[in-house]
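Student: Before I ask anything, let me first share the structure, which is written out below as C-alpha cells.
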Amino acid sequence: MAEQTAPPDVHRDATASRSDAAVVRDALGVGVAVGLSGFAFGVTSAGSGLSLLQTCALSLLVFTGASQFALVGALAAGGNPLTAAAGAFFVGTRNAFYGLRLSQLLALRRLARPFAAQWVIDETTAVALAQTDRRSARIGFTVTGLTLYVLWNLTTLLGALGAEAIGDTAAWGLDAAGPAVFLALLAPMLRSATERATAALAVLLGLGLLPALPAGVPVLAAALAAPAVLWFRGRRTGDRPKEEAR
C-alpha cells in the first residue's frame, strides 16, 4: 500500500500555527508581567494627591508607564505641574521614534494607525521587533498591546482604590516601583559602550542636580547626557585620523 503524505500546504499551515502560538505566548507573558505593575502606579498616583478620575485618565490616555511615574513622582515631591508635565513629555518622546520604525515594520492601514499609535510603547516595540516576519510582528504587537492596555488600566484602578487601605505609600516603598520597572526595561537595551555611557551620565546629572533644582527639572537636565556623549564620541573619532596621520 502506497504511503500517504500530507500536502506541502498542510505542513506550511501547521508550521505557521506553531509559530503564531509561540508569538502569542511570548506576547501574553510580557503583557501580563508588565501590566500588573499598574497597581503600583495607581497607588503612587493616589498617594501623590491625584484623584481616582485623574489617575485612571492618565493610564487610559497617556499609557506609557515611565512618563506616568515621572509625572506623579515629580508632583509627589512638590514639583510644579508644568515642570512635571514637561519631564513626563520628554521621557515619552522615545515612543515617537519607536513609531517611525514600527510604521515600516507593521505597514498598517491608515484607519488603523491612530488606534495602533496608542499602543506604541517599550514592550510592544520590543516584541514586534523580535519577530522574523511582518505577520508575526503584527500578532506580537497586537497581543502585547491589548493585554498590557487592559491589565494596566485595570490594575491602575485597583491600586488607586486600594491606596487608602494601604496608607502611606512611602512606608511600603511603592514609590520606587516605577523607577525600578523603568530600569528593568532599560537595562537590556544598553548594549553598546555609548549607550551605557549615556545612561550613566544621565543618572549622575539627575541625582547630582536633585538637591539644587526644583522637582522635575533634574529629569529634563538628564536629557543633556545624550548630546554630550555623542559630542565627546565625535570629537574622539575626529582626533584619531589626525593621530594616525602623524
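We name chains A, B, ... following the order of the C-alpha cells; residues begin at 1 in each chain, and ligands are numbered from 1 as shown.
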With only C-alpha atoms as the counted atoms, please give the residues lying no more than 9 Å from A:Ile121, apart from itself and same-chain residues fewer than 6 positions off, as a PyMOL selection string.
Tutor: chain A and resi 63-65+92+94-95+98-99+145
Student: Using the selection just defined, write its residues with N, CA and C atoms as a tab-separated table (two decimals), in the first residue's frame.
Tutor:
```
chain	number	residue	atom	x	y	z
A	63	PHE	N	-0.88	56.25	28.79
A	63	PHE	CA	-0.48	54.86	28.61
A	63	PHE	C	0.99	54.70	28.20
A	64	THR	N	1.85	55.24	29.01
A	64	THR	CA	3.28	54.97	28.89
A	64	THR	C	3.84	55.07	30.29
A	65	GLY	N	4.12	53.92	30.89
A	65	GLY	CA	4.39	53.83	32.31
A	65	GLY	C	5.47	54.76	32.83
A	92	GLY	N	8.58	60.51	27.37
A	92	GLY	CA	7.74	59.80	26.41
A	92	GLY	C	8.07	60.03	24.95
A	94	ARG	N	10.50	59.07	23.33
A	94	ARG	CA	11.11	57.89	22.70
A	94	ARG	C	10.07	57.11	21.92
A	95	ASN	N	8.80	57.20	22.32
A	95	ASN	CA	7.75	56.46	21.63
A	95	ASN	C	7.56	56.95	20.19
A	98	TYR	N	10.00	55.07	18.21
A	98	TYR	CA	9.51	53.71	18.04
A	98	TYR	C	8.49	53.66	16.90
A	99	GLY	N	7.63	54.67	16.86
A	99	GLY	CA	6.57	54.69	15.85
A	99	GLY	C	7.12	54.76	14.44
A	145	GLY	N	-0.01	44.69	23.08
A	145	GLY	CA	-0.70	45.96	23.32
A	145	GLY	C	-2.05	45.78	24.00
```
Student: May I ask which of the residues A:Phe69, A:Ala163, A:Ser59, A:Thr93 is the closest one to A:Ala46, counting only C-alpha atoms?
Tutor: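 When distances to A:Ala46 are compared using only C-alpha atoms, the smallest one comes from A:Ala163.
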Student: Looking at A:Leu105, A:Ala160, A:Thr155, A:Val43, which one is nearest to A:Arg138, with distances taken over only C-alpha atoms?
Tutor: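 Going through A:Leu105, A:Ala160, A:Thr155, A:Val43 one by one, the smallest distance to A:Arg138 is for A:Leu105.
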Student: Determine the nearest neighbour of A:Thr142 from the options A:Ala21, A:Leu204, A:Leu28, A:Leu213, counting only C-alpha atoms.
Tutor: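 For A:Thr142, the nearest of the candidates is A:Leu28.
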Student: Give me, as a count of residues only, all polymer residues having an atom no more than 8 Å from A:Thr144, counting only C-alpha atoms and skipping those fewer than 6 positions away in the same chain.
Tutor: 7
Student: Of the residues A:Pro227, A:Pro81, A:Gly73, A:Pro218, which is the one nearest to A:Phe41, using only C-alpha atoms?
Tutor: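 Of A:Pro227, A:Pro81, A:Gly73, A:Pro218, the one nearest A:Phe41 is A:Gly73, counting only C-alpha atoms.
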Student: When distances are computed from only C-alpha atoms, which of A:Val34, A:Leu106, A:Ala199, A:Leu71 shows the smallest separation from A:Arg135?
Tutor: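 Counting only C-alpha atoms, the residue closest to A:Arg135 is A:Leu106.
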